[in-house]
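Pasting run.txt here (compact mmCIF, C-alpha atoms and all ligand atoms):
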# COMPACT_ATOMS: atom_id res chain seq x y z
CA MET A 224 3.25 20.08 -6.58
CA ASN A 225 4.07 19.64 -10.24
CA GLN A 226 6.83 17.10 -10.70
CA GLU A 227 8.12 15.09 -13.64
CA PHE A 228 8.05 11.48 -12.47
CA LYS A 229 9.75 8.63 -14.26
CA VAL A 230 7.22 5.78 -14.55
CA VAL A 231 8.69 2.56 -16.00
CA VAL A 232 8.09 -1.17 -16.25
CA ALA A 233 10.09 -2.64 -13.36
CA ASP A 234 12.85 -5.22 -13.90
CA SER A 235 15.45 -7.06 -11.86
CA SER A 236 17.48 -3.88 -11.41
CA HIS A 237 14.71 -2.59 -9.11
CA ILE A 238 14.48 -5.47 -6.65
CA GLY A 239 16.39 -3.51 -4.01
CA TYR A 240 13.29 -1.33 -3.58
CA ALA A 241 11.01 -4.23 -2.63
CA PRO A 242 11.45 -4.01 1.18
CA GLN A 243 10.81 -0.24 1.16
CA ILE A 244 7.69 -0.68 -0.98
CA CYS A 245 6.35 -3.47 1.25
CA LYS A 246 6.92 -1.38 4.36
CA GLU A 247 5.10 1.60 2.83
CA MET A 248 2.18 -0.64 1.78
CA GLU A 249 1.78 -1.88 5.35
CA GLU A 250 2.15 1.52 6.96
CA SER A 251 -0.36 3.11 4.59
CA ALA A 252 -2.88 0.34 5.27
CA LYS A 253 -2.44 0.86 9.02
CA ALA A 254 -2.82 4.62 8.69
CA ARG A 255 -6.02 4.21 6.69
CA GLY A 256 -7.31 1.58 9.12
CA THR A 257 -8.39 -0.47 6.14
CA GLY A 258 -7.52 -3.91 4.93
CA ILE A 259 -4.73 -5.06 2.69
CA ALA A 260 -3.72 -8.29 1.02
CA LYS A 261 -0.19 -8.47 2.50
CA ARG A 262 2.70 -9.11 0.13
CA SER A 263 6.27 -10.05 0.99
CA PRO A 264 9.34 -8.37 -0.51
CA ASP A 265 10.08 -11.71 -2.25
CA TYR A 266 6.73 -11.58 -4.00
CA LEU A 267 7.32 -8.03 -5.23
CA GLU A 268 10.80 -8.99 -6.41
CA LEU A 269 9.29 -11.81 -8.45
CA LYS A 270 6.84 -9.38 -10.06
CA MET A 271 9.73 -7.07 -10.97
CA ASP A 272 11.76 -9.96 -12.37
CA GLU A 273 8.83 -11.09 -14.52
CA GLY A 274 8.24 -7.59 -15.88
CA LYS A 275 4.78 -7.53 -14.29
CA ALA A 276 5.17 -4.35 -12.27
CA VAL A 277 5.46 -0.62 -12.74
CA ILE A 278 7.72 1.51 -10.58
CA ALA A 279 7.95 5.31 -10.37
CA PHE A 280 10.74 7.63 -9.35
CA ALA A 281 10.89 11.33 -8.49
CA PRO A 282 13.26 13.61 -10.41
CA ASP A 283 15.89 13.12 -7.69
CA CYS A 284 15.61 9.32 -8.28
CA THR A 285 13.93 8.52 -4.95
CA TRP A 286 11.31 5.78 -5.11
CA ALA A 287 7.85 7.30 -5.56
CA GLY A 288 5.30 4.61 -6.45
CA PHE A 289 4.51 1.05 -7.47
CA CYS A 290 1.85 -1.33 -8.79
CA TYR A 291 1.89 -4.90 -10.12
CA ILE A 292 -0.06 -7.37 -12.26
CA GLU A 293 -1.55 -10.67 -11.12
CA CYS A 294 -3.22 -13.30 -13.31
CA TRP A 295 -6.21 -15.31 -12.16
CA GLY A 296 -8.51 -17.97 -13.56
CA HIS A 297 -5.86 -19.27 -15.98
CA GLY A 298 -5.41 -15.83 -17.52
CA GLU A 299 -9.09 -15.03 -17.95
CA TYR A 300 -8.67 -12.23 -15.41
CA VAL A 301 -5.89 -9.82 -14.59
CA ALA A 302 -5.70 -7.62 -11.50
CA ASN A 303 -3.66 -4.45 -11.13
CA SER A 304 -2.82 -4.67 -7.46
CA GLY A 305 -0.77 -3.11 -4.71
CA LEU A 306 -0.97 0.48 -5.94
CA ILE A 307 1.08 2.67 -3.66
CA VAL A 308 2.41 6.21 -3.90
CA ALA A 309 4.99 7.40 -1.35
CA PRO A 310 3.26 9.88 1.01
CA GLN A 311 5.38 12.89 0.01
CA TYR A 312 4.36 12.52 -3.66
CA ARG A 313 0.62 12.05 -3.22
CA LYS A 314 -1.98 14.32 -4.81
CA SER A 315 0.32 15.20 -7.70
CA GLY A 316 -1.18 12.88 -10.29
CA LEU A 317 1.31 10.05 -9.86
CA ALA A 318 -1.22 7.28 -9.12
CA ARG A 319 -3.01 8.22 -12.35
CA GLN A 320 0.25 7.85 -14.30
CA ILE A 321 1.12 4.51 -12.66
CA LYS A 322 -2.37 3.10 -13.22
CA LYS A 323 -2.29 4.15 -16.87
CA LYS A 324 1.09 2.48 -17.37
CA ILE A 325 0.10 -0.78 -15.63
CA PHE A 326 -3.19 -0.81 -17.55
CA GLU A 327 -1.33 -0.48 -20.86
CA LEU A 328 1.12 -3.18 -19.78
CA SER A 329 -1.76 -5.50 -18.82
CA ARG A 330 -3.52 -4.89 -22.16
CA ALA A 331 -0.31 -5.59 -24.07
CA LYS A 332 0.56 -8.76 -22.12
CA TYR A 333 -2.98 -10.12 -21.78
CA PRO A 334 -5.12 -8.58 -24.56
CA ASP A 335 -8.09 -10.90 -23.96
CA ALA A 336 -8.14 -10.76 -20.16
CA LYS A 337 -10.70 -8.91 -18.08
CA ILE A 338 -8.90 -6.42 -15.86
CA PHE A 339 -10.29 -5.89 -12.39
CA GLY A 340 -9.52 -4.34 -9.04
CA LEU A 341 -10.88 -4.20 -5.52
CA THR A 342 -10.57 -0.89 -3.76
CA THR A 343 -11.76 1.11 -0.77
CA GLY A 344 -10.40 4.37 -2.20
CA LEU A 345 -12.20 7.08 -4.10
CA ALA A 346 -8.98 8.08 -5.89
CA VAL A 347 -8.63 4.59 -7.37
CA MET A 348 -12.32 4.44 -8.32
CA LYS A 349 -11.92 7.74 -10.11
CA ILE A 350 -8.79 6.65 -11.99
CA ASN A 351 -10.31 3.26 -12.89
CA SER A 352 -13.35 5.02 -14.34
CA GLU A 353 -11.09 7.15 -16.48
CA LEU A 354 -9.54 3.96 -17.86
CA GLY A 355 -12.92 2.44 -18.72
CA TYR A 356 -13.54 0.23 -15.65
CA GLU A 357 -17.07 -0.09 -14.30
CA PRO A 358 -18.24 -0.95 -10.78
CA VAL A 359 -19.45 -4.54 -10.60
CA THR A 360 -20.65 -7.03 -8.00
CA TYR A 361 -18.14 -9.60 -6.75
CA SER A 362 -19.86 -12.33 -8.76
CA GLU A 363 -18.43 -10.71 -11.92
CA LEU A 364 -14.86 -10.95 -10.63
CA THR A 365 -12.64 -14.00 -10.83
CA GLN A 366 -13.77 -16.93 -8.73
CA ASP A 367 -10.20 -18.24 -8.58
CA GLU A 368 -9.65 -19.48 -5.01
CA ALA A 369 -6.05 -18.27 -5.03
CA PHE A 370 -7.19 -14.68 -5.56
CA TRP A 371 -9.60 -14.76 -2.63
CA GLN A 372 -6.95 -16.41 -0.46
CA GLY A 373 -5.10 -13.09 -0.76
CA CYS A 374 -7.89 -11.44 1.23
CA LYS A 375 -7.07 -13.68 4.21
CA SER A 376 -4.47 -11.25 5.51
CA CYS A 377 -6.93 -8.34 5.27
CA VAL A 378 -8.41 -7.05 8.55
CA ASN A 379 -11.85 -7.29 6.96
CA HIS A 380 -11.60 -10.94 5.97
CA ASP A 381 -14.25 -11.98 8.52
CA ILE A 382 -16.69 -9.58 6.90
CA LEU A 383 -15.99 -10.98 3.45
CA MET A 384 -16.60 -14.53 4.63
CA SER A 385 -19.68 -13.61 6.63
CA LYS A 386 -21.15 -12.26 3.38
CA GLY A 387 -20.39 -15.50 1.55
CA ARG A 388 -17.70 -13.66 -0.46
CA LYS A 389 -20.40 -11.64 -2.19
CA ASN A 390 -19.51 -8.29 -0.66
CA CYS A 391 -17.09 -6.48 1.62
CA LEU A 392 -15.65 -3.00 2.23
CA CYS A 393 -13.97 -2.93 -1.16
CA THR A 394 -15.75 -1.98 -4.36
CA GLY A 395 -15.09 -4.28 -7.32
CA MET A 396 -14.34 -2.64 -10.67
CA LEU A 397 -13.87 -4.35 -14.01
CA TYR A 398 -12.65 -3.58 -17.52
CA ASP A 399 -13.89 -6.16 -19.99
CA PRO A 400 -12.13 -5.82 -23.37
CA LYS A 401 -15.08 -7.46 -25.13
CA ASP A 402 -17.79 -5.41 -23.48
CA HIS A 403 -16.92 -2.02 -22.12
CA TYR A 404 -17.89 1.61 -22.41
CA THR A 405 -15.35 4.16 -23.56
CA PRO A 406 -13.31 5.81 -20.81
CA GLU A 407 -15.14 9.07 -21.68
CA GLU A 408 -18.48 7.44 -20.89
CA THR A 409 -17.40 5.84 -17.62
CA THR A 410 -15.65 9.02 -16.50
CA LYS A 411 -18.79 11.05 -17.21
CA GLU A 412 -20.87 8.53 -15.27
CA PHE A 413 -18.42 8.54 -12.38
CA LYS A 414 -18.36 12.34 -12.23
CA LYS A 415 -22.17 12.38 -12.04
CA LYS A 416 -22.14 9.90 -9.15
CA GLU A 417 -18.90 10.89 -7.45
CA LYS A 418 -20.59 12.48 -4.44
CA ILE A 419 -22.80 9.45 -3.96
CA TYR A 420 -19.82 7.08 -4.15
CA GLU A 421 -17.97 9.26 -1.69
CA ARG A 422 -20.86 9.13 0.77
CA PHE A 423 -21.19 5.36 0.37
CA LEU A 424 -17.51 4.71 0.87
CA HIS A 425 -17.32 7.05 3.83
CA SER A 426 -20.35 5.59 5.59
CA LYS A 427 -19.24 2.06 4.82
CA GLN A 428 -15.79 2.63 6.27
CA ILE A 429 -16.92 4.43 9.41
CA GLN A 430 -19.60 1.96 10.26
CA PHE A 431 -17.54 -1.14 9.51
CA LEU A 432 -14.47 -0.09 11.35
CA LYS A 433 -16.21 1.09 14.52
CA ASN A 434 -17.30 -2.26 15.74
CA LEU A 435 -17.71 -4.95 13.17
CA LYS A 436 -19.66 -7.39 15.27
CA LYS A 437 -21.91 -4.82 16.88
CA HIS A 438 -22.77 -3.31 13.54
CA ASN A 439 -23.28 -6.52 11.66
CA ILE A 440 -26.86 -5.70 10.79
CA LEU A 441 -25.96 -2.23 9.61
CA PHE A 442 -23.28 -3.76 7.38
CA ALA A 443 -25.81 -6.05 5.81
CA ALA A 444 -27.99 -3.04 5.05
CA TYR A 445 -25.12 -1.08 3.52
CA SER A 446 -23.99 -4.08 1.48
CA PHE A 447 -27.46 -4.56 0.19
CA PHE A 448 -27.80 -0.87 -0.60
CA ILE A 449 -24.55 -0.57 -2.51
CA ASN A 450 -25.22 -3.72 -4.50
CA LEU A 451 -28.64 -2.43 -5.39
CA PHE A 452 -27.12 0.89 -6.38
CA LEU A 453 -24.46 -0.72 -8.58
CA HIS A 454 -26.98 -2.98 -10.26
CA ASN A 455 -29.43 -0.18 -10.97
CA ASN A 456 -26.75 2.04 -12.44
CA HIS A 457 -24.87 -0.55 -14.44
C1 LIG A 501 -4.55 6.18 -3.22
C2 LIG A 501 -3.23 6.70 -3.75
C3 LIG A 501 -2.56 5.63 -4.57
C4 LIG A 501 -3.51 7.96 -4.61
O1 LIG A 501 -2.28 8.40 -5.14
P1 LIG A 501 -2.10 9.90 -5.67
O2 LIG A 501 -0.83 9.94 -6.46
O3 LIG A 501 -2.21 10.84 -4.55
O4 LIG A 501 -3.35 10.07 -6.64
P2 LIG A 501 -3.46 11.13 -7.83
O5 LIG A 501 -2.71 12.37 -7.44
O6 LIG A 501 -3.07 10.49 -9.12
O7 LIG A 501 -5.00 11.46 -7.81
C5 LIG A 501 -5.93 10.93 -8.72
C6 LIG A 501 -7.27 11.53 -8.41
O8 LIG A 501 -7.73 11.05 -7.16
C7 LIG A 501 -7.95 12.12 -6.26
N1 LIG A 501 -7.50 11.69 -4.93
C8 LIG A 501 -6.23 11.43 -4.55
N2 LIG A 501 -6.22 11.04 -3.26
C9 LIG A 501 -7.50 11.07 -2.84
C10 LIG A 501 -8.14 10.78 -1.61
N3 LIG A 501 -7.44 10.37 -0.55
N4 LIG A 501 -9.49 10.92 -1.53
C11 LIG A 501 -10.21 11.31 -2.59
N5 LIG A 501 -9.66 11.61 -3.80
C12 LIG A 501 -8.33 11.49 -3.91
C13 LIG A 501 -7.14 13.28 -6.78
O9 LIG A 501 -7.67 14.52 -6.38
C14 LIG A 501 -7.24 13.05 -8.28
O10 LIG A 501 -8.48 13.49 -8.79
P3 LIG A 501 -8.61 14.87 -9.63
O11 LIG A 501 -7.58 14.80 -10.70
O12 LIG A 501 -10.00 14.82 -10.14
O13 LIG A 501 -8.34 15.95 -8.64
C15 LIG A 501 -2.27 7.14 -2.58
O14 LIG A 501 -2.98 8.02 -1.73
C16 LIG A 501 -1.77 5.96 -1.77
O15 LIG A 501 -0.73 5.38 -2.09
N6 LIG A 501 -2.50 5.62 -0.69
C17 LIG A 501 -2.15 4.44 0.14
C18 LIG A 501 -2.30 3.15 -0.58
C19 LIG A 501 -3.66 2.97 -1.23
O16 LIG A 501 -4.67 3.41 -0.74
N7 LIG A 501 -3.63 2.27 -2.38
C20 LIG A 501 -4.82 1.95 -3.12
C21 LIG A 501 -5.23 0.56 -2.80
S1 LIG A 501 -6.62 0.09 -3.78
Reformat the file's structure so that it appears as structure tokens.
Ligand SMILES: CC(C)(COP(=O)(O)OP(=O)(O)OC[C@H]1O[C@@H](n2cnc3c(N)ncnc32)[C@H](O)[C@@H]1OP(=O)(O)O)[C@@H](O)C(=O)NCCC(=O)NCCS
Amino acid sequence: MNQEFKVVVADSSHIGYAPQICKEMEESAKARGTGIAKRSPDYLELKMDEGKAVIAFAPDCTWAGFCYIECWGHGEYVANSGLIVAPQYRKSGLARQIKKKIFELSRAKYPDAKIFGLTTGLAVMKINSELGYEPVTYSELTQDEAFWQGCKSCVNHDILMSKGRKNCLCTGMLYDPKDHYTPEETTKEFKKKEKIYERFLHSKQIQFLKNLKKHNILFAAYSFFINLFLHNNH
């Protein structure tokens, strides 16, 4: 599919789309069987009103995708969260366009902030690498309580807490404006390790979601392994 999407900074004229976007976020999380920090339509409306969101439309003007900005640690960190592409428009490069737009918006609004994300998806890891993000351990992310409170509504919250908030199913990625590689470098690195990441993510997801309690020990091993891997390759 090769479509011309319209990808714009959202404003108050878009608030009517909030319920549809929320519904799609929930349904996609269910379909993936993975966790999600749940957001209400009101919260998305606020993001649109504040000009802290990006919304995309297909050529026929149907809603196609969304993402928003959150600030943590008194503006020291910024997260680009809630990325969603409507199922019928996936795999046509739209997430890449939305992420680029929200990244540019974040850099313009918060030039000194570190930009980070938590993800279980290879597509997002790939796009983040292209933007200059690097995989990091959770200790390098914001320690703002309010951010971690958002994980409470995730199905994997017990895992996060059992690991003392040091690890979970998601991979943390960070763009530090003061200390980062060029997107070319991180993309090259990601391409080299893509298959390994894919295997890690796949194994992590299968094992975790089968039976969390039963496989607690296995989880610890995987967590340890991925942290070791990230550290050694950082
Ligand atoms: C993840 C998601 C946003 C990707 O959107 P998309 O528009 O299909 O992504 P793009 O077409 O821009 O793809 C970007 C890259 O990721 C790859 N990709 C896309 N979906 C993928 C998947 N499920 N698995 C692995 N790679 C994938 C694409 O092949 C492309 O790489 P390439 O250019 O090297 O071929 C979309 O599937 C979605 O909304 N999923 C549900 C919500 C979600 O998972 N959000 C992310 C939360 S962190």
How would you write, as a ChimeraX atom specification, the set of residues no farther than 8 Å from ligand LIG 501 (chain A) when counting only C-alpha atoms and all ligand atoms?
/A:248,251-252,255,259,288,304-310,312-320,340-347,349-350
Report the distance between CA of His380 in chain A and CA of Asn303 in chain A in Å, rounded to one decimal place.
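If I compute the distance from CA of His380 in chain A to CA of Asn303 in chain A, I get 19.9 Å.
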Have a look at CA of Lys418 in chain A and CA of Phe339 in chain A and let me know their distance in Å, one decimal.
22.5 Å
Can you find the residues with an atom no farther than 8 Å from (-7.8, -15.2, -14.3), counting all atoms listed in the file, and report them as a list of chain:residue names?
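Collected hits near the coordinates: A:Cys294, A:Trp295, A:Gly296, A:His297, A:Gly298, A:Glu299, A:Tyr300, A:Val301, A:Ala336, A:Lys337, A:Thr365, A:Asp367.
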How many Å separate CA of Lys414 in chain A from CA of Cys393 in chain A?
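Interatomic distance, CA of Lys414 in chain A to CA of Cys393 in chain A: 19.4 Å.
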Non-local contacts of Glu268 in chain A (8 Å; only C-alpha atoms; under 2 positions in same chain excluded) as a PyMOL selection string:
chain A and resi 235+237-238+241+264-266+270-272
Selection: 10 Å around Leu328 in chain A, all atoms listed in the file, excl. self and same-chain fewer than 5 positions, as a VMD selection string
chain A and resid 232 274 to 277 291 to 292 303 322 to 323 333 to 334
Return as JSON the box centre and box size in Å, one decimal, for an axis-aligned box around all listed atoms of range 364-380 of chain A padded by 5 Å per side.
{"center_x": -9.7, "center_y": -13.3, "center_z": -1.1, "size_x": 20.4, "size_y": 22.4, "size_z": 29.4}
